[in-house]
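A.B. asks: This is the structure I have questions about; it appears just below.
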Amino acid sequence: MADQAVGTPKPPSTPAAGGTTLTAKDFLSDQEVRWCPGCGDYAILSAVTSIFPKIGVARENIVVVSGIGCSSRFPYYTNTFGFHGIHGRAPAIATGLKTMRRELSVWVVTGDGDGLSIGGNHLIHTMRRNVDLKILLFNNKIYGLTKGQASPTSEMGKRTASSPMGTYERPFNTLSLALGAEATFVARSVDVYRAHLQETLMRAAAHRGTAFIEIYQNCNIFNDGAFDDVIEPTVRDDRNLLLRHGQPLVYGKEPRKGIRRNPETGMLEVVELGNGIAEKDLVVHDERRPDPDLAFELSRLCWPLFPTPIGVFRSVQAPTSEDLVWKQVEDAKVAKPNAGLDSLLRRGDLWRVTEDGKVEQL
Amino acid sequence: MSPQIVEAPKVPQKHQAQKTDRVVVRLAGDSGDGIQLSGSQLSTSSAIAGNDLSTLPDFPAEIRAPAGTLPGVSGFQISFSNYDIHTPGDQPDALIAFNPAALKVNIDELKLGGLLIVNTDAFNAKNLQKAGYARNPLEDGSVDAYRVIQVPITDLNRKALATSGLGTRAIDRSKNFFTLGILYHIYNRPDDATLRWIDKQFAKDEQLRLANLTALKAGRAYAEASELFQSTYEVEPAPFPPGDYRSMMGNSALCLGLVAASIKANIPLFYAGYPITPASPILHELARYREYGVVTLQAEDEIAAVSAALGAAFGGALSVTGTSGPGIALKTEAMGLGLMTELPMVVIDVQRGGPSTGLPTKPEQADLLQVMFGRHGESPLPVISCSTTGDCFETAFEACRIALKYMVPVILMTDGYLANASEPWKLPSVADLPDVTTRLVTGNSAGFQPYQRDPKTLARLWAVPGMAGFEHRIGGLEKEDVTGNVSYDPLNHEKMVRLRAEKVERIADELPPTAIDGDPSGDLLVIGWGSTRGAIMGAIRRKREEGKKVSWIHLRYINPFPRDLGDIMKRFKSVLVPELNMGQLALLLRAKYVRNVVSLNKVQGRPFKASEIAEKIDEALKMGKSVNVNESVRSQRG
């Protein structure tokens, strides 16, 4: 690093050496994991470390950055570079890091309190800039580390330590917020959907730009079963809608159901297949639409009026802010070569005081 | 189009310029009158004339307050001289008032008998009323104590540009150049630099280029021909050491210092900031240095700016964030994280009048205790302070050097006066800039521990992502010594608190002996810091001319203090500490060295006048003779 020319980012190291031979175990640090037994975080840690050997990035080029909260202990447990920041600021810390070190694969781990409450500003502005970060927001609809207060995703009226008579605030819809900020990759998965979570993480890793994944995560101490009505094995087929790009929005075991746009109201609605309604009548998922409109509509769907969608809502390509600023650096270097200390000091109007005290304009 | 001489007297007068050592001129008008531009042109011309100079722009917080009103008055004071100066002067010798409001706000500062030039065209009933004048002050005798020259500037300028083809509004906009022409005549300034500036600025609009050029020439021609301006002044060049010079504002010098440190350290510069007066020009200027590999981020808020800087530092960049007092308050938690993770970073505080939003465009030095103690936990950080515009370069460079050598966030103090003031600056020799070393690890990772320290400086190693084998985790939780693993062990915590403090203390080991201006012992020692340097220098110069003995130290290093400071203080009967706050450095000195000091405090959003400090020096000298501690304590309260 020290021998790098100023302003030249380090060239990416070859991923092959580390990437192909390491296994999930190599990505677990030697630190004792201190989440509560039964916490959903274990499953997410396992899923993340299981995909790290497969994303084509050398271990030394992976960085996990977090804020404060249960989820934010994550970096201590991954054997990569890691930065445990302060409450809510992980996206900002990661933005500075990624801006100066574009070859790194930077993962931000945050929660519903850390990311949506105290750090809400950084989260939306990171997505606005499209910094190439992988942001994993563990949503358990509660504050865990501070012992059970309502969070910005707690449902209205929820009784918690800080709301004994029920909350009187509306919750955020996490993905609507991300889509409102026009994040270029927006997805949802669930801690216990191991295969789906791994697949979604791989998709995020491959995306260039801000990849935002909301992960439903169970806090078995303060908000146990918060997502059971949607993800419990006996009901999930009928209450989840698995999004697949280019596929019609179908779900349910028996009867098969789907999402259709009502020809009269223009609104999405649930229909049963059969009786003259076929798959061709359903909305086809298009995660690559340049506008976030369909993805936003889908983000509004949730049990019990609709199935809750799981999967990739949006995945579009757009320039990242760090690529754009380094393009400016490269352009400036071409336009003004020989930038060195001497040229730096001599910018602007100069005059010379000669040995005999005369003043000459230079 | 040739300049038209209007209302020229029949016989042009030949006059002898009066030689003088120093001139102080203040321009005042509406924010939109081009006062700051005229001021900077007068500065450049004076620099080219070989004078030493110092300037003080004084503008309202509002961008364009209603025209003609008192809050809308913008000012610019310049002092140029044939000797070494560092203040824009206590009282103007000349005031140029573009309207009644400008007169009202500034007239009390003008020296009795001083030159007062007013634009009579702006002294109409409406403007008089806006300024709160019941009667026209030019007619009721209230300015009789001054040498008043009434010039219908607007009208004369319109006549001069009658054939320019421009509309009245556009013509009126150039009246500052007409006025500048008058001033160039009075003070025998060369036109060249301003003519070149006009050529460059209006290269794409020939009509405007010609108009401004004509206005400048017409103003000079008018003054030359008019009987009103028979007295002109000449200030001979100041004796500058040979070398190449440029005019330098504090914020610009500071930026150059940062970029120079980045080049010397051979790591890229990352600057993150959020717009705030008076620190924004640092963000603007650094954004123009892309060819030097400088990356700037306009963050969504102050907290994001400091956090992004920390992230970039974790990645191996020279990281800087800059703000003013309100922004420092927001950044404190992240500064604590930087202290805990022991990452190099520079945090710039361009101080302004506080508390709260306070006086955003006015200077004050009241953030010192905030940057010293404004963080939770035991969290000492190095604090260093700029004292002149040129010194902003060196101190910024030094802040980077310390941050990188000791792996610590360094706080760099400057203020709204230094930020905008300008002075001639001798270009430093590139070869003389000190080396900047980093703690970046090299070689094999065997046995690497993130909190392994250099035995001398106690600085830890800097292993950044991308270095295979050096993977490690850091964060805000307390660290185990050496390994950096999370530790809640009570004794380890105390050990780490002491280590972090000791590391900062050890910076003093490498500081050079403190330079004392004057005798090494005696009756009175003045201790200053920051932008008060010029005023203190002026005061001490006056007192020495009277034969009084005063010694002086101007501190760059405030935390840690230089090792010899306590001993030096012991050698003086009295210590006087002038500062633009209610006694913050004085409090630190009293606490650290357990001795009394005399405070001179001012919190008016204005720099000290040399005369104010000179007066206090007399008082302190008397006090030193009586060695009456109680008396000096009373005086501090007074």
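Every chain in the structure tokens takes a letter, A first, then B, and so on in the order presented; its residues are numbered from 1, and the ligands are numbered from 1 following the presented order.
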Show me, as a short mmCIF file (atom, residue, chain, number, x, y, z; two decimals) with N, CA and C atoms, in the first residue's frame, every residue of chain B with an atom at most 6 Å from chain A, counting only C-alpha atoms.

C.D. replies:
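Wrote result15.cif, looks like this:
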```
data_model
loop_
_atom_site.label_atom_id
_atom_site.label_comp_id
_atom_site.auth_asym_id
_atom_site.auth_seq_id
_atom_site.Cartn_x
_atom_site.Cartn_y
_atom_site.Cartn_z
N GLY B 50 4.09 45.13 -3.66
CA GLY B 50 5.18 44.76 -2.75
C GLY B 50 4.89 45.04 -1.29
N PRO B 242 13.58 37.36 -0.03
CA PRO B 242 13.47 36.94 -1.43
C PRO B 242 12.74 35.61 -1.54
N GLY B 243 12.00 35.45 -2.62
CA GLY B 243 11.29 34.19 -2.83
C GLY B 243 10.06 34.43 -3.66
N ASP B 244 9.34 33.35 -3.94
CA ASP B 244 8.11 33.46 -4.71
C ASP B 244 6.93 33.50 -3.75
N TYR B 245 5.98 34.35 -4.08
CA TYR B 245 4.86 34.60 -3.18
C TYR B 245 3.53 34.43 -3.91
N ARG B 246 2.53 34.16 -3.14
CA ARG B 246 1.16 34.28 -3.64
C ARG B 246 0.29 34.76 -2.48
N ASN B 266 2.39 9.71 0.45
CA ASN B 266 2.13 8.79 -0.65
C ASN B 266 0.87 7.96 -0.43
N ILE B 267 -0.13 8.54 0.17
CA ILE B 267 -1.44 7.89 0.26
C ILE B 267 -2.50 8.92 -0.14
N PRO B 268 -3.60 8.44 -0.75
CA PRO B 268 -4.59 9.40 -1.26
C PRO B 268 -5.32 10.13 -0.14
N ARG B 290 -8.80 17.19 -7.89
CA ARG B 290 -8.91 15.80 -8.30
C ARG B 290 -7.62 15.28 -8.94
N GLU B 291 -6.91 16.15 -9.68
CA GLU B 291 -5.71 15.65 -10.37
C GLU B 291 -4.64 15.22 -9.39
N TYR B 292 -4.78 15.61 -8.14
CA TYR B 292 -3.84 15.16 -7.11
C TYR B 292 -4.38 13.90 -6.40
N GLY B 293 -5.42 13.33 -6.96
CA GLY B 293 -5.99 12.13 -6.36
C GLY B 293 -6.86 12.42 -5.16
N ALA B 304 -22.18 11.61 9.19
CA ALA B 304 -21.78 10.78 8.05
C ALA B 304 -20.39 11.18 7.58
N SER B 307 -17.84 9.77 9.94
CA SER B 307 -17.88 8.31 9.86
C SER B 307 -17.24 7.83 8.56
N ALA B 308 -17.55 8.51 7.46
CA ALA B 308 -16.96 8.12 6.17
C ALA B 308 -15.45 8.31 6.22
N ALA B 309 -15.02 9.39 6.88
CA ALA B 309 -13.58 9.62 7.00
C ALA B 309 -12.92 8.47 7.76
N GLY B 311 -14.05 5.38 7.93
CA GLY B 311 -14.08 4.22 7.05
C GLY B 311 -12.93 4.27 6.06
N ALA B 312 -12.70 5.47 5.50
CA ALA B 312 -11.61 5.63 4.55
C ALA B 312 -10.27 5.42 5.24
N GLY B 315 -9.46 2.01 5.50
CA GLY B 315 -9.01 1.52 4.20
C GLY B 315 -7.64 2.03 3.79
N PRO B 465 -7.52 -3.49 4.77
CA PRO B 465 -8.10 -4.53 3.92
C PRO B 465 -7.31 -4.67 2.62
N GLY B 466 -7.22 -5.90 2.16
CA GLY B 466 -6.45 -6.18 0.96
C GLY B 466 -5.11 -6.81 1.31
N MET B 467 -4.70 -6.72 2.59
CA MET B 467 -3.42 -7.31 3.00
C MET B 467 -3.70 -8.72 3.52
N ALA B 468 -3.34 -9.71 2.71
CA ALA B 468 -3.64 -11.09 3.06
C ALA B 468 -2.92 -11.49 4.34
N GLU B 471 -6.05 -10.06 8.30
CA GLU B 471 -7.46 -9.87 8.59
C GLU B 471 -7.66 -9.71 10.10
N HIS B 472 -8.39 -8.67 10.48
CA HIS B 472 -8.68 -8.47 11.90
C HIS B 472 -9.92 -7.60 12.02
N ARG B 473 -10.47 -7.56 13.23
CA ARG B 473 -11.68 -6.79 13.50
C ARG B 473 -11.39 -5.73 14.54
N ILE B 474 -11.87 -4.52 14.27
CA ILE B 474 -11.75 -3.48 15.28
C ILE B 474 -13.13 -2.86 15.51
N GLY B 475 -13.26 -2.08 16.55
CA GLY B 475 -14.55 -1.47 16.83
C GLY B 475 -14.50 -0.64 18.09
#
```

A.B. asks: For the structure I just gave you, how does DSSP split segment 11-77 of chain B - specifically, which residues are helix (DSSP H, G or I)? Reply as a PyMOL selection string.

C.D. replies: chain B and resi 31-33+35-48+70-72

A.B. asks: From the set B:Lys503, B:Lys19, B:Lys426, B:His284, which residue has the shortest atom-to-atom contact distance to Lys405 of chain B, counting only C-alpha atoms?

C.D. replies: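 Under the stated criterion, the closest residue is B:Lys503.
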
A.B. asks: Fewer than 3 positions away in the same chain doesn't count, so skip those; otherwise give me all residues within 12 Å of segment 225-228 of chain A, counting only C-alpha atoms, as a PyMOL selection string.

C.D. replies: chain A and resi 38-40+139-142+153-155+158+189-192+215-222+231-236+239-240+302-304+308

A.B. asks: I'd like to know which of B:Val482, B:Ile411, B:Leu600, B:Leu37 is closest to Arg453 of chain B, using only C-alpha atoms.

C.D. replies: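 Under the stated criterion, the closest residue is B:Val482.
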
A.B. asks: Would you kindly return, as a list in words, each protein, DNA or RNA residue with an atom no farther than 12 Å from any atom of Gly274 of chain A, considering only C-alpha atoms and excluding same-chain residues fewer than 4 positions away?

C.D. replies: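 So the residues in contact are Glu254, Pro255, Arg256, Lys257, Gly258, Ala278, Glu279, Lys280 and Asp281 of chain A.
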
A.B. asks: Just list the residues in segment 28-257 of chain A DSSP gives strand (DSSP E) on the backbone, as a PyMOL selection string.

C.D. replies: chain A and resi 62-66+81-84+105-111+133-139+185-190+211-216+240-242+250-251+257

A.B. asks: Excluding Lys175 of chain B and residues on its chain fewer than 3 positions from it, collect all residues at most 7 Å away from it, counting only C-alpha atoms, and give them as JSON, numbers by chain.

C.D. replies: {"B": [153, 154, 157, 172, 178, 179, 215]}

A.B. asks: Store the residues picked out above in a file with C-alpha atoms, as a PDB file, in the first residue's frame.

C.D. replies:
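As a result, out25.pdb now contains:
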```pdb
ATOM      1  CA  ILE B 153     -20.607  57.157  -7.989  1.00  0.00           C
ATOM      2  CA  THR B 154     -23.697  55.578  -9.542  1.00  0.00           C
ATOM      3  CA  ASN B 157     -20.389  55.365 -13.647  1.00  0.00           C
ATOM      4  CA  ASP B 172     -24.651  49.687 -11.966  1.00  0.00           C
ATOM      5  CA  PHE B 178     -15.340  52.671 -10.727  1.00  0.00           C
ATOM      6  CA  THR B 179     -14.811  52.957  -6.991  1.00  0.00           C
ATOM      7  CA  ALA B 215     -15.413  51.636 -15.175  1.00  0.00           C
TER       8      ALA B 215
END
```

A.B. asks: Of the candidates B:Gly257, B:Ile276, B:Asp52, B:Met569, which shows the shortest atom-to-atom distance to Leu433 of chain B, using only C-alpha atoms?

C.D. replies: B:Gly257

A.B. asks: Would you kindly return, as a ChimeraX atom specification, each protein, DNA or RNA residue with an atom no farther than 7 Å from any atom of segment 340-348 of chain B, considering only C-alpha atoms and excluding same-chain residues fewer than 3 positions away?

C.D. replies: /B:310,313-314,318-323,336-337,399-400,403-404,407-413,474-476

A.B. asks: Would you mind exporting C-alpha atoms of the selected residues as a PDB file, in the first residue's frame?

C.D. replies:
```pdb
ATOM      1  CA  LEU B 310     -13.051   6.862   9.566  1.00  0.00           C
ATOM      2  CA  ALA B 313      -8.930   5.654   7.252  1.00  0.00           C
ATOM      3  CA  PHE B 314      -9.648   1.988   7.920  1.00  0.00           C
ATOM      4  CA  LEU B 318      -5.334  10.090   4.664  1.00  0.00           C
ATOM      5  CA  SER B 319      -8.749  11.008   6.022  1.00  0.00           C
ATOM      6  CA  VAL B 320      -9.951  14.453   6.887  1.00  0.00           C
ATOM      7  CA  THR B 321     -13.266  15.964   7.879  1.00  0.00           C
ATOM      8  CA  GLY B 322     -13.873  19.624   8.503  1.00  0.00           C
ATOM      9  CA  THR B 323     -16.622  21.664  10.111  1.00  0.00           C
ATOM     10  CA  GLY B 336     -14.424   8.755  20.125  1.00  0.00           C
ATOM     11  CA  LEU B 337     -14.648   5.745  17.824  1.00  0.00           C
ATOM     12  CA  ALA B 399      -1.864  17.590  11.856  1.00  0.00           C
ATOM     13  CA  CYS B 400      -1.641  14.954   9.113  1.00  0.00           C
ATOM     14  CA  ALA B 403      -2.276  11.573  12.869  1.00  0.00           C
ATOM     15  CA  LEU B 404      -0.369   9.156  10.644  1.00  0.00           C
ATOM     16  CA  MET B 407      -2.515   6.533  14.686  1.00  0.00           C
ATOM     17  CA  VAL B 408      -4.878   9.006  16.285  1.00  0.00           C
ATOM     18  CA  PRO B 409      -7.515  11.549  15.263  1.00  0.00           C
ATOM     19  CA  VAL B 410      -5.978  15.034  15.469  1.00  0.00           C
ATOM     20  CA  ILE B 411      -8.060  18.162  15.954  1.00  0.00           C
ATOM     21  CA  LEU B 412      -6.943  21.125  13.896  1.00  0.00           C
ATOM     22  CA  MET B 413      -8.219  24.469  15.169  1.00  0.00           C
ATOM     23  CA  ILE B 474     -11.754  -3.480  15.283  1.00  0.00           C
ATOM     24  CA  GLY B 475     -14.551  -1.472  16.826  1.00  0.00           C
ATOM     25  CA  GLY B 476     -15.735   0.733  19.629  1.00  0.00           C
TER      26      GLY B 476
END
```

A.B. asks: Rank B:Pro520, B:Gly89, B:Pro100, B:Gly34 by their smallest atom-to-atom distance to Leu70 of chain B, using only C-alpha atoms, and report the top residue only.

C.D. replies: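 The shortest atom-to-atom distance to Leu70 of chain B comes from B:Pro100.
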
A.B. asks: Quick one: residues within 12 Å of Gly353 of chain B, only C-alpha atoms, excluding same-chain residues fewer than 2 positions away - as a VMD selection string?

C.D. replies: chain B and resid 61 277 to 278 324 to 326 350 to 351 355 to 367 415 to 417 580 to 581 602 to 607
